[in-house]
$ cat model.txt   # compact mmCIF, C-alpha atoms
# COMPACT_ATOMS: atom_id res chain seq x y z
CA MET A 1 -32.51 -93.73 19.12
CA SER A 2 -30.44 -91.38 16.96
CA ASN A 3 -31.99 -88.97 14.46
CA THR A 4 -30.33 -86.93 11.74
CA LEU A 5 -30.91 -83.29 10.84
CA ARG A 6 -29.42 -82.05 7.56
CA ILE A 7 -28.61 -78.34 7.60
CA LEU A 8 -27.16 -75.98 5.00
CA THR A 9 -25.89 -72.41 5.52
CA TYR A 10 -25.44 -70.30 2.41
CA ASN A 11 -24.70 -66.65 1.64
CA ILE A 12 -26.59 -66.30 -1.66
CA HIS A 13 -25.31 -62.78 -2.51
CA ARG A 14 -28.87 -61.69 -3.40
CA CYS A 15 -28.82 -64.45 -6.03
CA ILE A 16 -26.24 -62.51 -8.08
CA GLY A 17 -23.92 -65.02 -9.70
CA GLY A 18 -20.38 -64.73 -10.98
CA ASP A 19 -21.85 -63.94 -14.39
CA ARG A 20 -23.77 -60.99 -12.78
CA LYS A 21 -27.10 -62.67 -13.54
CA ILE A 22 -29.75 -62.70 -10.80
CA SER A 23 -31.02 -66.26 -10.59
CA PRO A 24 -33.00 -67.59 -7.61
CA GLU A 25 -33.56 -70.70 -9.77
CA ARG A 26 -29.82 -71.41 -9.86
CA ILE A 27 -29.54 -70.96 -6.10
CA SER A 28 -32.48 -73.35 -5.66
CA THR A 29 -30.71 -75.96 -7.80
CA VAL A 30 -27.57 -75.74 -5.65
CA ILE A 31 -29.61 -76.11 -2.46
CA ALA A 32 -31.67 -79.01 -3.82
CA ASP A 33 -28.55 -81.00 -4.65
CA HIS A 34 -27.68 -81.11 -0.93
CA GLN A 35 -31.17 -82.32 0.09
CA PRO A 36 -31.20 -80.37 3.37
CA ASP A 37 -33.94 -80.32 6.01
CA ILE A 38 -33.04 -76.81 7.18
CA VAL A 39 -31.60 -73.99 5.04
CA ALA A 40 -30.11 -70.82 6.55
CA LEU A 41 -29.66 -68.08 3.95
CA GLN A 42 -27.83 -64.77 4.21
CA GLU A 43 -27.91 -61.74 1.90
CA VAL A 44 -31.44 -62.45 0.80
CA ASP A 45 -33.02 -59.63 -1.22
CA CYS A 46 -36.33 -58.88 0.49
CA GLY A 47 -37.18 -55.73 -1.43
CA GLN A 48 -34.73 -53.10 -0.21
CA MET A 49 -32.47 -53.21 -3.27
CA ARG A 50 -34.74 -54.43 -6.11
CA PRO A 51 -38.47 -54.24 -5.30
CA THR A 52 -39.37 -56.15 -8.47
CA LEU A 53 -37.53 -59.18 -7.06
CA TYR A 54 -39.23 -58.92 -3.71
CA ASP A 55 -38.79 -61.83 -1.35
CA GLN A 56 -36.25 -64.20 -2.83
CA ALA A 57 -36.79 -66.43 0.22
CA ALA A 58 -40.38 -67.05 -0.86
CA LEU A 59 -39.29 -67.83 -4.43
CA ILE A 60 -36.64 -70.30 -3.25
CA ALA A 61 -38.95 -71.93 -0.67
CA GLU A 62 -41.65 -72.40 -3.30
CA SER A 63 -39.18 -73.82 -5.81
CA LEU A 64 -37.88 -76.36 -3.27
CA ASN A 65 -41.30 -77.21 -1.80
CA PHE A 66 -40.25 -76.08 1.66
CA PRO A 67 -43.51 -75.57 3.55
CA GLU A 68 -42.15 -73.05 6.05
CA PHE A 69 -39.80 -70.07 6.03
CA TRP A 70 -39.07 -66.94 8.05
CA ILE A 71 -37.01 -63.90 7.10
CA GLU A 72 -35.32 -61.16 9.12
CA ARG A 73 -35.19 -57.89 7.18
CA GLU A 74 -32.07 -56.05 8.27
CA ARG A 75 -29.88 -54.84 5.42
CA CYS A 76 -28.22 -58.24 4.95
CA GLY A 77 -31.43 -60.26 5.05
CA ASN A 78 -31.33 -63.60 6.85
CA ALA A 79 -33.86 -66.35 6.14
CA ILE A 80 -34.50 -69.88 7.41
CA LEU A 81 -36.39 -72.52 5.41
CA SER A 82 -37.58 -75.75 7.02
CA ARG A 83 -39.17 -79.04 6.03
CA TYR A 84 -40.29 -79.43 9.64
CA PRO A 85 -42.75 -77.32 11.65
CA MET A 86 -41.12 -74.07 12.67
CA LYS A 87 -41.99 -70.97 14.65
CA ARG A 88 -40.17 -67.65 14.91
CA VAL A 89 -38.77 -66.87 18.33
CA LYS A 90 -36.93 -63.61 17.64
CA ALA A 91 -35.70 -61.47 14.76
CA GLY A 92 -33.84 -58.18 14.88
CA GLY A 93 -30.66 -56.18 14.76
CA LEU A 94 -27.43 -56.91 16.57
CA HIS A 95 -26.82 -53.30 17.59
CA LYS A 96 -27.96 -50.80 20.16
CA PRO A 97 -31.31 -49.34 19.05
CA ARG A 98 -30.10 -45.72 19.07
CA ARG A 99 -26.95 -46.48 17.11
CA TRP A 100 -28.33 -48.42 14.14
CA HIS A 101 -27.92 -45.40 11.84
CA ASN A 102 -24.18 -45.28 12.62
CA LEU A 103 -23.58 -48.94 11.81
CA ALA A 104 -23.97 -51.27 8.86
CA ARG A 105 -27.20 -52.93 9.88
CA ARG A 106 -26.68 -56.57 10.79
CA GLY A 107 -29.16 -58.87 12.39
CA ALA A 108 -30.10 -62.40 13.36
CA LEU A 109 -33.09 -64.71 13.08
CA TRP A 110 -33.96 -67.27 15.76
CA VAL A 111 -36.48 -70.02 15.10
CA GLU A 112 -37.59 -73.16 16.90
CA VAL A 113 -37.86 -76.22 14.69
CA LYS A 114 -39.68 -79.33 15.90
CA ALA A 115 -38.29 -82.56 14.44
CA PHE A 116 -38.29 -86.13 15.84
CA GLY A 117 -40.20 -84.80 18.84
CA ILE A 118 -37.27 -82.51 19.65
CA ARG A 119 -37.33 -78.70 19.70
CA PHE A 120 -34.19 -77.32 18.04
CA GLN A 121 -33.18 -73.69 18.61
CA ILE A 122 -31.64 -72.40 15.36
CA ILE A 123 -30.09 -68.95 14.95
CA ASN A 124 -28.94 -67.57 11.61
CA THR A 125 -26.78 -64.45 11.35
CA HIS A 126 -24.45 -62.39 9.17
CA LEU A 127 -21.80 -60.42 11.04
CA GLY A 128 -20.18 -57.16 9.97
CA LEU A 129 -17.13 -56.32 7.90
CA THR A 130 -14.92 -54.74 10.57
CA PRO A 131 -13.39 -56.47 13.62
CA ALA A 132 -14.98 -53.95 16.00
CA SER A 133 -18.48 -54.36 14.57
CA ARG A 134 -18.21 -58.16 14.55
CA LEU A 135 -17.10 -58.25 18.16
CA ASN A 136 -19.92 -55.95 19.27
CA GLN A 137 -22.44 -58.08 17.36
CA ALA A 138 -21.03 -61.30 18.82
CA LYS A 139 -21.32 -59.87 22.35
CA ILE A 140 -24.99 -59.14 21.76
CA LEU A 141 -25.50 -62.55 20.16
CA THR A 142 -23.99 -64.32 23.19
CA GLY A 143 -25.95 -62.15 25.60
CA PRO A 144 -29.22 -62.68 27.49
CA GLU A 145 -31.48 -61.85 24.52
CA TRP A 146 -30.07 -64.54 22.24
CA LEU A 147 -27.79 -67.50 23.03
CA HIS A 148 -27.89 -66.97 26.80
CA SER A 149 -31.64 -66.51 26.90
CA PRO A 150 -33.39 -69.07 29.14
CA ASP A 151 -35.50 -69.95 26.08
CA CYS A 152 -32.41 -70.89 24.06
CA HIS A 153 -32.16 -74.39 25.49
CA PRO A 154 -30.28 -77.27 23.80
CA PRO A 155 -30.06 -78.51 21.20
CA VAL A 156 -28.81 -75.23 19.71
CA ILE A 157 -27.49 -74.55 16.21
CA LEU A 158 -25.88 -71.24 15.25
CA CYS A 159 -25.04 -70.72 11.60
CA GLY A 160 -24.27 -68.01 9.10
CA ASP A 161 -21.65 -65.84 7.47
CA PHE A 162 -19.36 -64.64 10.26
CA ASN A 163 -16.92 -62.69 8.06
CA THR A 164 -14.11 -64.06 10.19
CA GLN A 165 -12.27 -67.33 10.64
CA PRO A 166 -11.93 -69.77 13.55
CA GLY A 167 -9.33 -68.59 16.03
CA SER A 168 -10.49 -64.99 15.90
CA THR A 169 -11.70 -63.11 18.98
CA VAL A 170 -15.29 -63.49 17.75
CA PHE A 171 -14.99 -67.27 17.50
CA LYS A 172 -13.31 -67.55 20.88
CA LEU A 173 -16.36 -65.80 22.32
CA LEU A 174 -18.84 -68.01 20.45
CA GLU A 175 -16.94 -71.19 21.36
CA GLU A 176 -17.41 -70.55 25.07
CA GLY A 177 -20.76 -72.30 24.67
CA LEU A 178 -20.74 -73.95 21.24
CA LEU A 179 -18.56 -76.14 19.02
CA ILE A 180 -17.63 -75.46 15.39
CA VAL A 181 -18.75 -78.53 13.45
CA GLU A 182 -15.35 -79.05 11.80
CA LYS A 183 -13.75 -79.68 15.19
CA PRO A 184 -15.85 -82.67 16.28
CA LYS A 185 -15.59 -83.89 12.71
CA GLY A 186 -11.93 -84.44 13.56
CA ASN A 187 -10.21 -83.58 10.29
CA GLY A 188 -8.38 -80.60 11.77
CA GLN A 189 -9.15 -78.49 8.70
CA ASN A 190 -11.37 -75.51 8.06
CA GLU A 191 -13.63 -75.61 5.04
CA ASN A 192 -12.92 -72.56 2.86
CA THR A 193 -16.05 -70.95 1.42
CA TRP A 194 -15.01 -67.55 0.02
CA PRO A 195 -14.58 -66.43 -2.68
CA SER A 196 -16.45 -69.20 -4.45
CA PHE A 197 -14.32 -69.20 -7.62
CA HIS A 198 -11.15 -69.81 -5.58
CA PRO A 199 -11.96 -70.17 -1.87
CA ILE A 200 -9.13 -69.16 0.43
CA VAL A 201 -10.92 -68.31 3.70
CA SER A 202 -13.63 -69.94 5.83
CA PHE A 203 -16.32 -67.39 6.65
CA ASP A 204 -19.40 -69.64 6.64
CA HIS A 205 -19.91 -71.92 9.62
CA ILE A 206 -22.25 -74.01 11.72
CA LEU A 207 -21.78 -74.13 15.51
CA ILE A 208 -23.62 -76.59 17.75
CA SER A 209 -24.32 -77.39 21.37
CA ASP A 210 -22.50 -80.41 22.77
CA ASP A 211 -25.58 -82.65 22.75
CA LEU A 212 -25.36 -82.81 18.94
CA THR A 213 -23.04 -85.14 17.04
CA VAL A 214 -21.52 -84.38 13.64
CA LYS A 215 -22.08 -87.23 11.20
CA ALA A 216 -20.79 -85.50 8.06
CA VAL A 217 -19.60 -82.16 6.74
CA ARG A 218 -19.72 -81.58 3.02
CA MET A 219 -19.07 -78.87 0.46
CA ARG A 220 -19.58 -78.81 -3.28
CA SER A 221 -17.46 -76.64 -5.53
CA ASP A 222 -18.37 -77.64 -9.07
CA GLU A 223 -18.87 -75.04 -11.79
CA VAL A 224 -22.56 -74.37 -11.11
CA VAL A 225 -21.93 -73.85 -7.38
CA ARG A 226 -18.95 -71.57 -8.01
CA MET A 227 -21.05 -69.45 -10.38
CA ALA A 228 -24.26 -69.23 -8.32
CA SER A 229 -22.96 -66.93 -5.55
CA ASP A 230 -19.69 -65.44 -4.28
CA HIS A 231 -19.83 -67.92 -1.36
CA LEU A 232 -19.93 -71.71 -1.36
CA PRO A 233 -22.69 -73.39 0.67
CA PHE A 234 -21.68 -75.25 3.83
CA PHE A 235 -23.57 -78.43 4.74
CA ALA A 236 -23.62 -80.66 7.83
CA GLU A 237 -25.47 -83.75 9.00
CA LEU A 238 -26.13 -83.68 12.72
CA SER A 239 -27.57 -86.37 14.98
CA VAL A 240 -29.19 -86.02 18.36
CA GLN A 241 -30.55 -88.47 20.88
CA ASN A 242 -34.32 -88.36 21.35
CA MET A 243 -35.32 -86.19 24.27
CA ASN A 244 -38.53 -85.70 26.14
CA GLU A 245 -40.40 -82.59 25.01

$ encode --input "model.txt" --output "C-alpha cells"
Amino acid sequence: MSNTLRILTYNIHRCIGGDRKISPERISTVIADHQPDIVALQEVDCGQMRPTLYDQAALIAESLNFPEFWIERERCGNAILSRYPMKRVKAGGLHKPRRWHNLARRGALWVEVKAFGIRFQIINTHLGLTPASRLNQAKILTGPEWLHSPDCHPPVILCGDFNTQPGSTVFKLLEEGLLIVEKPKGNGQNENTWPSFHPIVSFDHILISDDLTVKAVRMRSDEVVRMASDHLPFFAELSVQNMNE
C-alpha cells in the first residue's frame, strides 16, 4: 500500500517581505496554500535579531494548527513543523566546536516523524555563503553524526537552503547517498527559487533516499509568494511503501 507525505521547504527570510514588512501571517498564508504535512523552515527569527518577535516558528505553527514543531537555534534558525507525531533526534552546528567563532554559524535539525506506521528521518539545514564553508558543512552533514549515523535509517529526507545548485561539489557529495527530487521527477529541469521576484538559481531543494518515490513537485510564484520572502517555497509529494516498524 502506498502512502503520500507532502513536504515543503522554505527560507522565510525572518518573515521580512519584499516590501520590508515583517509578516509571519503572510508566510503562514503561503504555507497553508500548499497544504503540507511537513514544513522545513530556514532563517527563522528565534530571538537573536528581534526579541520582541521571539519564536516565529511558534507563531506560524499556531496559525497553521500544526501540533508539533522543533527549532534549531544557530544564527540561521532552522525549524520543522509536522502534522504527525515527531521527536527531535539531533540539533546543532555544522562546524568544529572550537572554530564556531571563526565561521558564520550554520546548523541542522534532525527529527523523526512517524506517519503511516513508518518512521521518517528528516533533516533540515541551511548551508553557508562561501564554497569552502558549504563543503566543510556538507562533509559534516554526510558524516557519522548525521546522514551516516546508524540511527539515520531509510526513509530519509534532507531539505533546506543549500546556497548552491545541483552539479556543484556539495551536491555531488550529497548525491552519493540521496537523490534530488527533480531527477526522479524526470523533467530534467531545476526549479529556480531565488530571488523570489525573478528566480534565476535553484538553492532550495529536497533530497530523498531511494525507497521514496516522487509523485509531484510544485512551486508557486504568484504576487503574494514573491512578496512574502526573498525565496520561493519548494514543495514535493512523496510516496513510500508501508514498512514494518

$ atom_distance --input "model.txt" --atom1 "CA of Ile80 in chain A" --atom2 "CA of Arg105 in chain A"
18.6 Å

$ closest_atom_pairs --input "model.txt" --of "range 146-213 of chain A" --to "range 19-40 of chain A" --cutoff "12 Å" --atoms "all atoms listed in the file" --output "Markdown table"
| residue | atom | partner | partner_atom | distance |
| --- | --- | --- | --- | --- |
| A:Ile157 | CA | A:Ala40 | CA | 10.7 |
| A:Leu158 | CA | A:Ala40 | CA | 9.7 |
| A:Cys159 | CA | A:Ala40 | CA | 7.2 |
| A:Gly160 | CA | A:Ala40 | CA | 7.0 |
| A:Asp161 | CA | A:Ala40 | CA | 9.9 |
| A:Phe197 | CA | A:Asp19 | CA | 11.4 |
| A:Asp204 | CA | A:Ala40 | CA | 10.8 |
| A:His205 | CA | A:Ala40 | CA | 10.7 |
| A:Ile206 | CA | A:Ala40 | CA | 9.9 |

$ closest_residue --input "model.txt" --among "A:Ile118, A:Ala108, A:Ala216, A:Leu173" --to "Leu135 in chain A" --atoms "all atoms listed in the file"
A:Leu173

$ atom_distance --input "model.txt" --atom1 "CA of Val225 in chain A" --atom2 "CA of Asn163 in chain A"
19.7 Å

$ residues_around --input "model.txt" --residues "Pro155 in chain A" --least-positions-apart "5" --cutoff "9 Å" --atoms "all atoms listed in the file" --output "list in words"
Ile118, Arg119, Phe120, Gln121, Ile122, Ile208, Ser209, Asp210, Asp211, Leu212 and Val240 of chain A

$ decode --input "model.txt" --residues "range 13-152 of chain A" --atoms "C-alpha atoms" --output "CSV table (one decimal), in the first residue's frame"
chain,number,residue,atom,x,y,z
A,13,HIS,CA,14.0,35.4,5.4
A,14,ARG,CA,12.9,36.1,9.0
A,15,CYS,CA,9.4,36.8,7.6
A,16,ILE,CA,10.8,40.0,6.0
A,17,GLY,CA,9.0,40.5,2.7
A,18,GLY,CA,9.9,42.4,-0.4
A,19,ASP,CA,8.0,45.4,1.0
A,20,ARG,CA,10.3,45.2,4.1
A,21,LYS,CA,7.3,44.3,6.3
A,22,ILE,CA,7.7,41.6,8.9
A,23,SER,CA,4.7,39.3,8.5
A,24,PRO,CA,4.6,35.8,9.9
A,25,GLU,CA,0.9,35.9,8.9
A,26,ARG,CA,1.8,36.3,5.2
A,27,ILE,CA,4.3,33.4,5.4
A,28,SER,CA,1.6,31.3,7.1
A,29,THR,CA,-0.8,32.0,4.2
A,30,VAL,CA,1.8,30.9,1.6
A,31,ILE,CA,2.4,27.7,3.5
A,32,ALA,CA,-1.3,26.9,4.0
A,33,ASP,CA,-1.9,27.2,0.3
A,34,HIS,CA,0.4,24.2,-0.3
A,35,GLN,CA,-1.4,22.1,2.4
A,36,PRO,CA,1.8,20.3,3.5
A,37,ASP,CA,2.2,17.6,6.2
A,38,ILE,CA,5.8,18.6,7.0
A,39,VAL,CA,7.3,22.1,6.8
A,40,ALA,CA,11.0,22.8,6.9
A,41,LEU,CA,11.8,26.5,7.5
A,42,GLN,CA,15.1,28.3,7.3
A,43,GLU,CA,16.1,31.8,8.5
A,44,VAL,CA,13.6,31.7,11.3
A,45,ASP,CA,13.9,34.5,13.8
A,46,CYS,CA,14.1,32.9,17.2
A,47,GLY,CA,15.0,36.0,19.2
A,48,GLN,CA,18.6,36.7,18.3
A,49,MET,CA,17.7,39.7,16.0
A,50,ARG,CA,14.4,41.0,17.3
A,51,PRO,CA,13.5,39.7,20.8
A,52,THR,CA,10.0,41.2,20.5
A,53,LEU,CA,9.3,38.8,17.7
A,54,TYR,CA,10.6,35.8,19.5
A,55,ASP,CA,9.9,32.4,18.0
A,56,GLN,CA,8.4,32.9,14.6
A,57,ALA,CA,8.2,29.1,14.4
A,58,ALA,CA,5.7,29.0,17.2
A,59,LEU,CA,3.6,31.8,15.7
A,60,ILE,CA,3.5,30.0,12.3
A,61,ALA,CA,2.8,26.6,13.8
A,62,GLU,CA,-0.1,28.1,15.9
A,63,SER,CA,-1.5,29.9,12.9
A,64,LEU,CA,-1.5,26.7,10.8
A,65,ASN,CA,-2.7,24.4,13.6
A,66,PHE,CA,0.4,22.3,13.4
A,67,PRO,CA,0.5,20.4,16.7
A,68,GLU,CA,4.3,19.8,16.7
A,69,PHE,CA,7.4,21.8,15.9
A,70,TRP,CA,11.1,21.9,16.7
A,71,ILE,CA,13.7,24.6,16.1
A,72,GLU,CA,17.5,24.7,16.0
A,73,ARG,CA,18.9,28.0,17.1
A,74,GLU,CA,22.1,28.6,15.2
A,75,ARG,CA,22.3,32.0,13.6
A,76,CYS,CA,20.2,31.0,10.6
A,77,GLY,CA,17.5,29.3,12.6
A,78,ASN,CA,16.0,26.0,11.2
A,79,ALA,CA,12.6,24.7,12.2
A,80,ILE,CA,10.4,21.7,11.3
A,81,LEU,CA,6.7,21.7,11.7
A,82,SER,CA,4.7,18.5,11.5
A,83,ARG,CA,1.1,17.3,11.4
A,84,TYR,CA,2.3,13.9,12.5
A,85,PRO,CA,4.0,12.8,15.8
A,86,MET,CA,7.6,14.0,15.8
A,87,LYS,CA,10.6,13.7,18.1
A,88,ARG,CA,13.9,15.6,17.9
A,89,VAL,CA,16.9,13.4,17.2
A,90,LYS,CA,19.7,16.0,16.9
A,91,ALA,CA,20.2,19.7,16.6
A,92,GLY,CA,23.4,21.7,16.3
A,93,GLY,CA,26.1,23.4,14.3
A,94,LEU,CA,27.8,22.1,11.3
A,95,HIS,CA,31.3,23.2,12.3
A,96,LYS,CA,34.1,22.1,14.6
A,97,PRO,CA,33.2,23.2,18.2
A,98,ARG,CA,36.4,25.3,18.7
A,99,ARG,CA,36.0,27.1,15.4
A,100,TRP,CA,32.4,28.3,15.6
A,101,HIS,CA,33.6,31.9,16.4
A,102,ASN,CA,35.6,32.0,13.1
A,103,LEU,CA,32.7,30.9,10.9
A,104,ALA,CA,29.2,32.1,10.0
A,105,ARG,CA,27.2,29.8,12.3
A,106,ARG,CA,25.2,27.2,10.3
A,107,GLY,CA,23.4,24.2,11.7
A,108,ALA,CA,21.0,21.4,11.0
A,109,LEU,CA,17.9,19.9,12.7
A,110,TRP,CA,17.1,16.2,12.6
A,111,VAL,CA,13.7,14.9,13.6
A,112,GLU,CA,11.9,11.5,13.3
A,113,VAL,CA,8.4,11.8,12.1
A,114,LYS,CA,6.0,8.8,12.5
A,115,ALA,CA,3.4,8.6,9.7
A,116,PHE,CA,1.5,5.6,8.3
A,117,GLY,CA,3.4,3.4,10.8
A,118,ILE,CA,6.7,4.5,9.2
A,119,ARG,CA,9.5,6.4,10.9
A,120,PHE,CA,10.9,9.1,8.6
A,121,GLN,CA,14.2,10.6,9.3
A,122,ILE,CA,14.0,14.3,8.2
A,123,ILE,CA,17.0,16.7,8.3
A,124,ASN,CA,16.7,20.4,7.6
A,125,THR,CA,19.7,22.7,7.0
A,126,HIS,CA,20.9,26.0,5.7
A,127,LEU,CA,24.5,25.9,4.3
A,128,GLY,CA,27.0,28.8,4.2
A,129,LEU,CA,27.7,31.5,1.6
A,130,THR,CA,31.2,30.5,0.5
A,131,PRO,CA,32.2,27.4,-1.4
A,132,ALA,CA,34.7,26.4,1.3
A,133,SER,CA,32.2,26.7,4.2
A,134,ARG,CA,29.5,24.8,2.3
A,135,LEU,CA,31.8,22.0,1.5
A,136,ASN,CA,33.0,21.7,5.1
A,137,GLN,CA,29.4,21.7,6.3
A,138,ALA,CA,28.4,19.1,3.8
A,139,LYS,CA,31.2,16.8,4.9
A,140,ILE,CA,30.0,17.0,8.5
A,141,LEU,CA,26.4,16.5,7.3
A,142,THR,CA,27.3,13.3,5.4
A,143,GLY,CA,29.5,12.1,8.3
A,144,PRO,CA,28.8,9.6,11.1
A,145,GLU,CA,26.9,12.1,13.3
A,146,TRP,CA,24.2,12.9,10.7
A,147,LEU,CA,23.4,11.1,7.4
A,148,HIS,CA,25.8,8.2,8.0
A,149,SER,CA,24.7,7.7,11.6
A,150,PRO,CA,23.3,4.2,12.2
A,151,ASP,CA,20.1,5.9,13.5
A,152,CYS,CA,19.6,7.7,10.2
